[in-house]
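Engineer: Contents of upload_25.cif (mmCIF, C-alpha atoms) are below:
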data_start
#
loop_
_atom_site.group_PDB
_atom_site.id
_atom_site.type_symbol
_atom_site.label_atom_id
_atom_site.label_comp_id
_atom_site.auth_asym_id
_atom_site.auth_seq_id
_atom_site.Cartn_x
_atom_site.Cartn_y
_atom_site.Cartn_z
ATOM 1 C CA MET A 1 1.299 0.746 -15.203
ATOM 2 C CA THR A 2 3.660 3.041 -17.049
ATOM 3 C CA ARG A 3 7.001 1.442 -17.764
ATOM 4 C CA LEU A 4 9.992 3.436 -16.609
ATOM 5 C CA GLY A 5 12.479 1.631 -18.805
ATOM 6 C CA GLY A 6 14.849 -1.287 -18.415
ATOM 7 C CA THR A 7 17.526 0.358 -16.277
ATOM 8 C CA ASP A 8 15.757 0.419 -12.896
ATOM 9 C CA PRO A 9 17.204 -1.772 -10.115
ATOM 10 C CA VAL A 10 13.635 -3.051 -9.640
ATOM 11 C CA ASP A 11 11.418 -4.187 -12.519
ATOM 12 C CA TRP A 12 8.163 -2.820 -11.111
ATOM 13 C CA ASN A 13 6.000 -4.251 -13.871
ATOM 14 C CA LEU A 14 7.412 -7.707 -13.234
ATOM 15 C CA ALA A 15 6.780 -7.212 -9.502
ATOM 16 C CA VAL A 16 3.075 -6.578 -10.191
ATOM 17 C CA ALA A 17 2.849 -9.489 -12.627
ATOM 18 C CA THR A 18 4.557 -11.854 -10.173
ATOM 19 C CA ALA A 19 2.326 -10.830 -7.280
ATOM 20 C CA ASN A 20 -0.838 -11.203 -9.367
ATOM 21 C CA ARG A 21 0.247 -14.651 -10.482
ATOM 22 C CA ILE A 22 0.861 -16.064 -6.991
ATOM 23 C CA VAL A 23 -1.499 -14.043 -4.777
ATOM 24 C CA ARG A 24 -3.822 -16.208 -2.706
ATOM 25 C CA PRO A 25 -7.486 -16.197 -3.684
ATOM 26 C CA GLY A 26 -9.820 -14.462 -1.291
ATOM 27 C CA PRO A 27 -12.790 -16.049 0.505
ATOM 28 C CA GLU A 28 -15.693 -17.376 -1.535
ATOM 29 C CA VAL A 29 -18.204 -14.578 -1.972
ATOM 30 C CA GLY A 30 -21.182 -14.584 -4.313
ATOM 31 C CA ARG A 31 -21.713 -11.720 -6.746
ATOM 32 C CA ASP A 32 -24.637 -10.239 -4.836
ATOM 33 C CA GLU A 33 -22.802 -10.478 -1.515
ATOM 34 C CA ALA A 34 -19.704 -8.898 -3.009
ATOM 35 C CA ARG A 35 -21.725 -5.962 -4.284
ATOM 36 C CA ALA A 36 -23.370 -5.560 -0.891
ATOM 37 C CA VAL A 37 -19.983 -5.578 0.875
ATOM 38 C CA VAL A 38 -18.595 -2.911 -1.456
ATOM 39 C CA ALA A 39 -21.686 -0.747 -1.059
ATOM 40 C CA GLU A 40 -21.578 -1.013 2.732
ATOM 41 C CA LEU A 41 -17.883 -0.176 2.884
ATOM 42 C CA ARG A 42 -18.522 2.924 0.786
ATOM 43 C CA ARG A 43 -21.320 3.997 3.121
ATOM 44 C CA HIS A 44 -19.194 3.422 6.202
ATOM 45 C CA ALA A 45 -16.266 5.288 4.650
ATOM 46 C CA GLY A 46 -18.512 8.299 4.123
ATOM 47 C CA ALA A 47 -20.060 8.070 7.587
ATOM 48 C CA SER A 48 -16.624 7.714 9.189
ATOM 49 C CA GLN A 49 -15.628 11.154 7.963
ATOM 50 C CA HIS A 50 -18.478 12.672 9.961
ATOM 51 C CA HIS A 51 -17.774 10.553 13.065
ATOM 52 C CA VAL A 52 -14.050 11.352 13.158
ATOM 53 C CA ARG A 53 -14.632 15.013 12.395
ATOM 54 C CA GLU A 54 -17.175 15.317 15.202
ATOM 55 C CA PHE A 55 -14.965 13.514 17.716
ATOM 56 C CA THR A 56 -11.682 15.254 16.911
ATOM 57 C CA ALA A 57 -13.053 18.673 15.874
ATOM 58 C CA LEU A 58 -10.644 18.506 12.912
ATOM 59 C CA ASP A 59 -12.211 19.658 9.656
ATOM 60 C CA THR A 60 -11.116 17.862 6.470
ATOM 61 C CA ARG A 61 -14.149 18.529 4.274
ATOM 62 C CA GLY A 62 -12.019 20.243 1.641
ATOM 63 C CA LEU A 63 -9.638 17.296 1.289
ATOM 64 C CA ASP A 64 -9.879 15.390 -1.981
ATOM 65 C CA THR A 65 -9.259 11.748 -1.063
ATOM 66 C CA PRO A 66 -10.643 8.986 -3.273
ATOM 67 C CA VAL A 67 -11.988 5.956 -1.413
ATOM 68 C CA LEU A 68 -11.164 2.821 -3.388
ATOM 69 C CA ILE A 69 -12.590 -0.602 -2.581
ATOM 70 C CA VAL A 70 -9.982 -2.980 -3.972
ATOM 71 C CA ASP A 71 -9.189 -6.664 -4.181
ATOM 72 C CA ARG A 72 -5.753 -8.100 -3.450
ATOM 73 C CA PRO A 73 -4.289 -7.451 -6.927
ATOM 74 C CA GLY A 74 -5.618 -3.886 -6.715
ATOM 75 C CA TRP A 75 -3.827 -3.391 -3.402
ATOM 76 C CA VAL A 76 -0.623 -4.703 -4.990
ATOM 77 C CA ARG A 77 -0.855 -2.310 -7.940
ATOM 78 C CA ALA A 78 -1.452 0.658 -5.653
ATOM 79 C CA ASN A 79 1.437 -0.119 -3.333
ATOM 80 C CA VAL A 80 3.947 -0.941 -6.054
ATOM 81 C CA ALA A 81 3.114 2.433 -7.614
ATOM 82 C CA GLY A 82 3.597 4.053 -4.216
ATOM 83 C CA PHE A 83 6.931 2.337 -3.621
ATOM 84 C CA ARG A 84 8.156 3.369 -7.045
ATOM 85 C CA GLU A 85 7.190 7.001 -6.475
ATOM 86 C CA LEU A 86 8.636 7.250 -2.980
ATOM 87 C CA LEU A 87 11.907 5.492 -3.852
ATOM 88 C CA ARG A 88 12.458 7.445 -7.068
ATOM 89 C CA PRO A 89 15.384 9.611 -5.803
ATOM 90 C CA MET A 90 17.303 6.578 -4.595
ATOM 91 C CA ILE A 91 16.444 4.559 -7.710
ATOM 92 C CA ASP A 92 17.691 7.386 -9.949
ATOM 93 C CA ARG A 93 20.914 7.518 -7.985
ATOM 94 C CA MET A 94 21.446 3.753 -8.324
ATOM 95 C CA ARG A 95 20.771 3.956 -12.053
ATOM 96 C CA GLU A 96 23.291 6.759 -12.550
ATOM 97 C CA ARG A 97 25.914 4.868 -10.572
ATOM 98 C CA ARG A 98 25.423 1.674 -12.583
ATOM 99 C CA ALA A 99 25.434 3.560 -15.904
ATOM 100 C CA SER A 100 28.986 4.787 -15.253
ATOM 101 C CA VAL A 101 30.275 1.215 -14.813
ATOM 102 C CA PRO A 102 31.149 -0.856 -17.920
ATOM 103 C CA GLY A 103 28.332 -3.346 -18.400
ATOM 104 C CA GLY A 104 26.423 -1.739 -15.550
ATOM 105 C CA THR A 105 23.244 -1.194 -17.544
ATOM 106 C CA ALA A 106 23.044 -4.870 -18.505
ATOM 107 C CA LEU A 107 23.686 -5.919 -14.905
ATOM 108 C CA THR A 108 20.945 -3.574 -13.704
ATOM 109 C CA MET A 109 18.459 -5.022 -16.178
ATOM 110 C CA VAL A 110 19.192 -8.577 -15.009
ATOM 111 C CA GLY A 111 19.216 -7.580 -11.351
ATOM 112 C CA GLY A 112 15.995 -5.645 -11.821
ATOM 113 C CA LYS A 113 14.247 -8.797 -13.016
ATOM 114 C CA VAL A 114 15.406 -10.773 -9.992
ATOM 115 C CA THR A 115 14.510 -7.995 -7.558
ATOM 116 C CA GLY A 116 11.168 -7.495 -9.303
ATOM 117 C CA VAL A 117 10.251 -11.129 -8.709
ATOM 118 C CA GLU A 118 11.281 -10.907 -5.055
ATOM 119 C CA VAL A 119 9.333 -7.690 -4.496
ATOM 120 C CA GLY A 120 6.326 -9.289 -6.200
ATOM 121 C CA MET A 121 6.500 -12.259 -3.846
ATOM 122 C CA LEU A 122 6.565 -9.911 -0.848
ATOM 123 C CA MET A 123 3.629 -7.901 -2.108
ATOM 124 C CA ALA A 124 1.595 -11.046 -2.772
ATOM 125 C CA PHE A 125 2.260 -12.170 0.793
ATOM 126 C CA LEU A 126 1.279 -8.833 2.314
ATOM 127 C CA SER A 127 -1.795 -8.400 0.125
ATOM 128 C CA SER A 128 -3.719 -10.988 2.142
ATOM 129 C CA ARG A 129 -2.885 -9.303 5.484
ATOM 130 C CA VAL A 130 -3.947 -5.675 5.005
ATOM 131 C CA LEU A 131 -7.522 -4.634 5.779
ATOM 132 C CA GLY A 132 -7.283 -0.967 4.883
ATOM 133 C CA GLN A 133 -4.695 1.674 4.213
ATOM 134 C CA TYR A 134 -4.456 5.420 3.869
ATOM 135 C CA GLU A 135 -1.821 6.066 1.201
ATOM 136 C CA THR A 136 -0.221 9.354 2.066
ATOM 137 C CA PHE A 137 1.824 9.548 -1.145
ATOM 138 C CA ALA A 138 -0.439 8.048 -3.761
ATOM 139 C CA PRO A 139 0.533 8.631 -7.395
ATOM 140 C CA THR A 140 -2.331 8.722 -9.864
ATOM 141 C CA THR A 141 -2.309 5.841 -12.357
ATOM 142 C CA ALA A 142 -4.661 4.826 -15.147
ATOM 143 C CA GLN A 143 -6.273 2.196 -12.913
ATOM 144 C CA LEU A 144 -6.037 3.966 -9.543
ATOM 145 C CA PRO A 145 -6.897 7.651 -9.131
ATOM 146 C CA GLY A 146 -5.139 9.706 -6.499
ATOM 147 C CA GLY A 147 -6.209 12.870 -4.772
ATOM 148 C CA GLU A 148 -5.634 16.285 -6.277
ATOM 149 C CA ARG A 149 -2.358 17.949 -5.263
ATOM 150 C CA GLY A 150 -1.108 14.701 -3.742
ATOM 151 C CA GLY A 151 -4.091 14.335 -1.426
ATOM 152 C CA GLY A 152 -3.591 10.619 -1.001
ATOM 153 C CA ARG A 153 -6.206 7.904 -1.269
ATOM 154 C CA LEU A 154 -7.899 5.496 1.086
ATOM 155 C CA LEU A 155 -7.882 1.793 0.230
ATOM 156 C CA LEU A 156 -10.227 -0.805 1.711
ATOM 157 C CA VAL A 157 -9.342 -4.406 0.820
ATOM 158 C CA ALA A 158 -12.761 -6.057 0.673
ATOM 159 C CA PRO A 159 -11.685 -9.758 0.481
ATOM 160 C CA ASN A 160 -9.473 -9.414 3.553
ATOM 161 C CA ILE A 161 -12.152 -7.638 5.560
ATOM 162 C CA VAL A 162 -14.652 -10.385 4.762
ATOM 163 C CA HIS A 163 -12.132 -13.097 5.600
ATOM 164 C CA VAL A 164 -11.204 -11.638 8.990
ATOM 165 C CA GLU A 165 -14.770 -10.928 10.073
ATOM 166 C CA ARG A 166 -15.645 -14.550 9.285
ATOM 167 C CA GLU A 167 -12.515 -15.855 10.998
ATOM 168 C CA LEU A 168 -13.218 -13.877 14.171
ATOM 169 C CA GLY A 169 -16.974 -14.447 14.125
ATOM 170 C CA VAL A 170 -17.714 -10.760 14.682
ATOM 171 C CA ASP A 171 -20.672 -8.729 13.513
ATOM 172 C CA PRO A 172 -19.710 -7.836 9.918
ATOM 173 C CA HIS A 173 -21.451 -4.458 9.935
ATOM 174 C CA ASP A 174 -19.679 -3.323 13.108
ATOM 175 C CA PHE A 175 -16.345 -4.697 11.932
ATOM 176 C CA ARG A 176 -16.535 -2.934 8.566
ATOM 177 C CA LEU A 177 -17.357 0.334 10.293
ATOM 178 C CA TRP A 178 -14.414 -0.140 12.667
ATOM 179 C CA VAL A 179 -12.001 -0.635 9.742
ATOM 180 C CA CYS A 180 -13.313 2.504 8.041
ATOM 181 C CA LEU A 181 -13.038 4.548 11.244
ATOM 182 C CA HIS A 182 -9.457 3.396 11.735
ATOM 183 C CA GLU A 183 -8.383 4.416 8.236
ATOM 184 C CA GLU A 184 -10.373 7.657 8.289
ATOM 185 C CA THR A 185 -8.475 8.636 11.444
ATOM 186 C CA HIS A 186 -5.198 8.398 9.512
ATOM 187 C CA ARG A 187 -6.672 10.402 6.645
ATOM 188 C CA THR A 188 -7.806 13.090 9.072
ATOM 189 C CA GLN A 189 -4.371 13.293 10.691
ATOM 190 C CA PHE A 190 -2.830 14.343 7.390
ATOM 191 C CA GLY A 191 -5.785 16.241 5.967
ATOM 192 C CA ALA A 192 -6.187 18.535 8.955
ATOM 193 C CA VAL A 193 -2.493 19.508 9.099
ATOM 194 C CA PRO A 194 -1.626 20.994 5.680
ATOM 195 C CA TRP A 195 2.153 20.956 6.181
ATOM 196 C CA LEU A 196 2.461 17.407 7.521
ATOM 197 C CA ARG A 197 2.471 15.552 4.187
ATOM 198 C CA ASP A 198 5.125 17.753 2.587
ATOM 199 C CA HIS A 199 7.221 17.655 5.755
ATOM 200 C CA LEU A 200 7.136 13.869 5.892
ATOM 201 C CA ARG A 201 7.885 13.563 2.186
ATOM 202 C CA GLY A 202 10.821 15.929 2.569
ATOM 203 C CA GLU A 203 12.248 13.915 5.459
ATOM 204 C CA ILE A 204 11.910 10.636 3.552
ATOM 205 C CA GLN A 205 13.358 12.046 0.348
ATOM 206 C CA SER A 206 16.256 13.594 2.250
ATOM 207 C CA PHE A 207 17.070 10.248 3.844
ATOM 208 C CA LEU A 208 16.791 8.359 0.561
ATOM 209 C CA SER A 209 18.917 10.866 -1.337
ATOM 210 C CA GLU A 210 21.731 10.384 1.170
ATOM 211 C CA ALA A 211 21.361 6.618 1.643
ATOM 212 C CA ASP A 212 24.196 4.623 0.098
ATOM 213 C CA MET A 213 22.162 1.571 -0.825
ATOM 214 C CA ASP A 214 22.404 -0.989 -3.620
ATOM 215 C CA PRO A 215 19.499 -3.172 -4.889
ATOM 216 C CA THR A 216 20.437 -6.047 -2.578
ATOM 217 C CA THR A 217 20.302 -3.816 0.480
ATOM 218 C CA LEU A 218 17.040 -2.304 -0.761
ATOM 219 C CA LEU A 219 15.503 -5.766 -1.013
ATOM 220 C CA GLU A 220 16.682 -6.639 2.494
ATOM 221 C CA ARG A 221 15.017 -3.480 3.825
ATOM 222 C CA LEU A 222 11.771 -4.372 2.043
ATOM 223 C CA ARG A 223 11.901 -7.836 3.574
ATOM 224 C CA GLY A 224 12.386 -6.312 6.998
ATOM 225 C CA ALA A 225 9.407 -4.039 6.444
ATOM 226 C CA ALA A 226 7.297 -7.022 5.422
ATOM 227 C CA GLN A 227 8.228 -8.877 8.596
ATOM 228 C CA SER A 228 7.464 -5.918 10.860
ATOM 229 C CA VAL A 229 4.084 -5.288 9.234
ATOM 230 C CA SER A 230 2.900 -8.872 9.013
ATOM 231 C CA GLY A 231 4.469 -10.460 12.072
ATOM 232 C CA ARG A 232 5.885 -13.223 9.866
ATOM 233 C CA ASP A 233 8.852 -13.399 7.565
ATOM 234 C CA PRO A 234 8.318 -14.016 3.834
ATOM 235 C CA GLU A 235 8.957 -17.725 4.272
ATOM 236 C CA GLY A 236 6.040 -17.947 6.699
ATOM 237 C CA GLU A 237 7.932 -18.372 9.992
ATOM 238 C CA PRO A 238 6.297 -16.680 12.982
ATOM 239 C CA GLY A 239 7.654 -13.309 13.977
ATOM 240 C CA GLY A 240 6.808 -10.535 16.381
ATOM 241 C CA GLY A 241 3.835 -8.211 16.206
ATOM 242 C CA ALA A 242 0.200 -8.510 15.295
ATOM 243 C CA GLN A 243 -1.124 -9.846 12.012
ATOM 244 C CA THR A 244 -4.408 -10.579 10.373
ATOM 245 C CA PRO A 245 -5.208 -14.274 9.932
ATOM 246 C CA GLY A 246 -4.336 -15.606 6.511
ATOM 247 C CA PRO A 247 -6.728 -17.756 4.509
#
What would the structure in this file look like if it were written as structure tokens?
Structural biologist:
Amino acid sequence: MTRLGGTDPVDWNLAVATANRIVRPGPEVGRDEARAVVAELRRHAGASQHHVREFTALDTRGLDTPVLIVDRPGWVRANVAGFRELLRPMIDRMRERRASVPGGTALTMVGGKVTGVEVGMLMAFLSSRVLGQYETFAPTTAQLPGGERGGGRLLLVAPNIVHVERELGVDPHDFRLWVCLHEETHRTQFGAVPWLRDHLRGEIQSFLSEADMDPTTLLERLRGAAQSVSGRDPEGEPGGGAQTPGP
């Protein structure tokens, strides 16, 4: 991941390193089974495009959207890159504000390390809960390609899919297809409406550019997002909403 420098309120590289160090291992899967799972998910991802297109009558055949089968660390890398890209206007504003304060740069570097560790812990926690994800604003990195002209990318988290299908005792082939159909529906929503992505990005960037938020508040918001997505807070206490079973 490209380093942005030491003056960000969040050390994104440390966030990735922290998450990779503490992320839970996935279910035990042999090499041949793992290859078969990846191959089947790729087939279902391709077939889902046809199914959703036929059902909705929305045509997205010209949309360039990579389908990436990832493990938990891969999901972390993708989402940290996405966070960094989406929060860039607010991060730049924080950095400028701190730079004008005596000693502000040093404080930001120290605070960025602390926040980076906390963000990494959150991402490690969430990485075992997500089955699939359509990344609307997916920046291209050396490890993770994105679509041309910001076309997003579709992530399928193979270890989590295998874990949940075993936990629920469902037919794995049907379950994998269901996950792919779900994510393809999101991809189609954005791919079939050319203006939707730019409109949503503009609304988010407008909000972030006007938000008066420091790193502590940013971290609190990320924690709240983690709780709403997972149904549990980062310390593992039950919360509201649905969640995938954790290993």
Engineer: Translate the PyMOL selection byres ((chain A and resi 68-76) around 9), as applied to the file shown, into an explicit residue set as a PyMOL selection string.
Structural biologist: chain A and resi 16+19-20+23-26+38+41-42+66-67+77-81+120+123-124+126-128+130+143-145+153-160
Engineer: Translate the PyMOL selection byres ((chain A and resi 164) around 12) into a concrete residue list for this structure, as a PyMOL selection string.
Structural biologist: chain A and resi 26-27+128-131+157-163+165-172+175-176+179+243-247
Engineer: Mind giving me the straight-line distance from CA of Thr18 in chain A to CA of Arg201 in chain A in Å, one decimal?
Structural biologist: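 So the two atoms, CA of Thr18 in chain A and CA of Arg201 in chain A, lie 28.5 Å apart.
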Engineer: Would you mind reading off the distance between CA of Phe190 in chain A and CA of Ala15 in chain A, one decimal, in Å?
Structural biologist: 29.0 Å
Engineer: Write out as a list in words the residues lying within 12 Å of Leu86 in chain A, counting only C-alpha atoms and excluding same-chain residues fewer than 4 positions away.
Structural biologist: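 Answer for this query is Asn79, Val80, Ala81, Gly82, Met90, Ile91, Asp92, Glu135, Thr136, Phe137, Ala138, Pro139, Leu200, Arg201, Gly202, Glu203, Ile204, Gln205, Ser206, Phe207, Leu208 and Ser209 of chain A.
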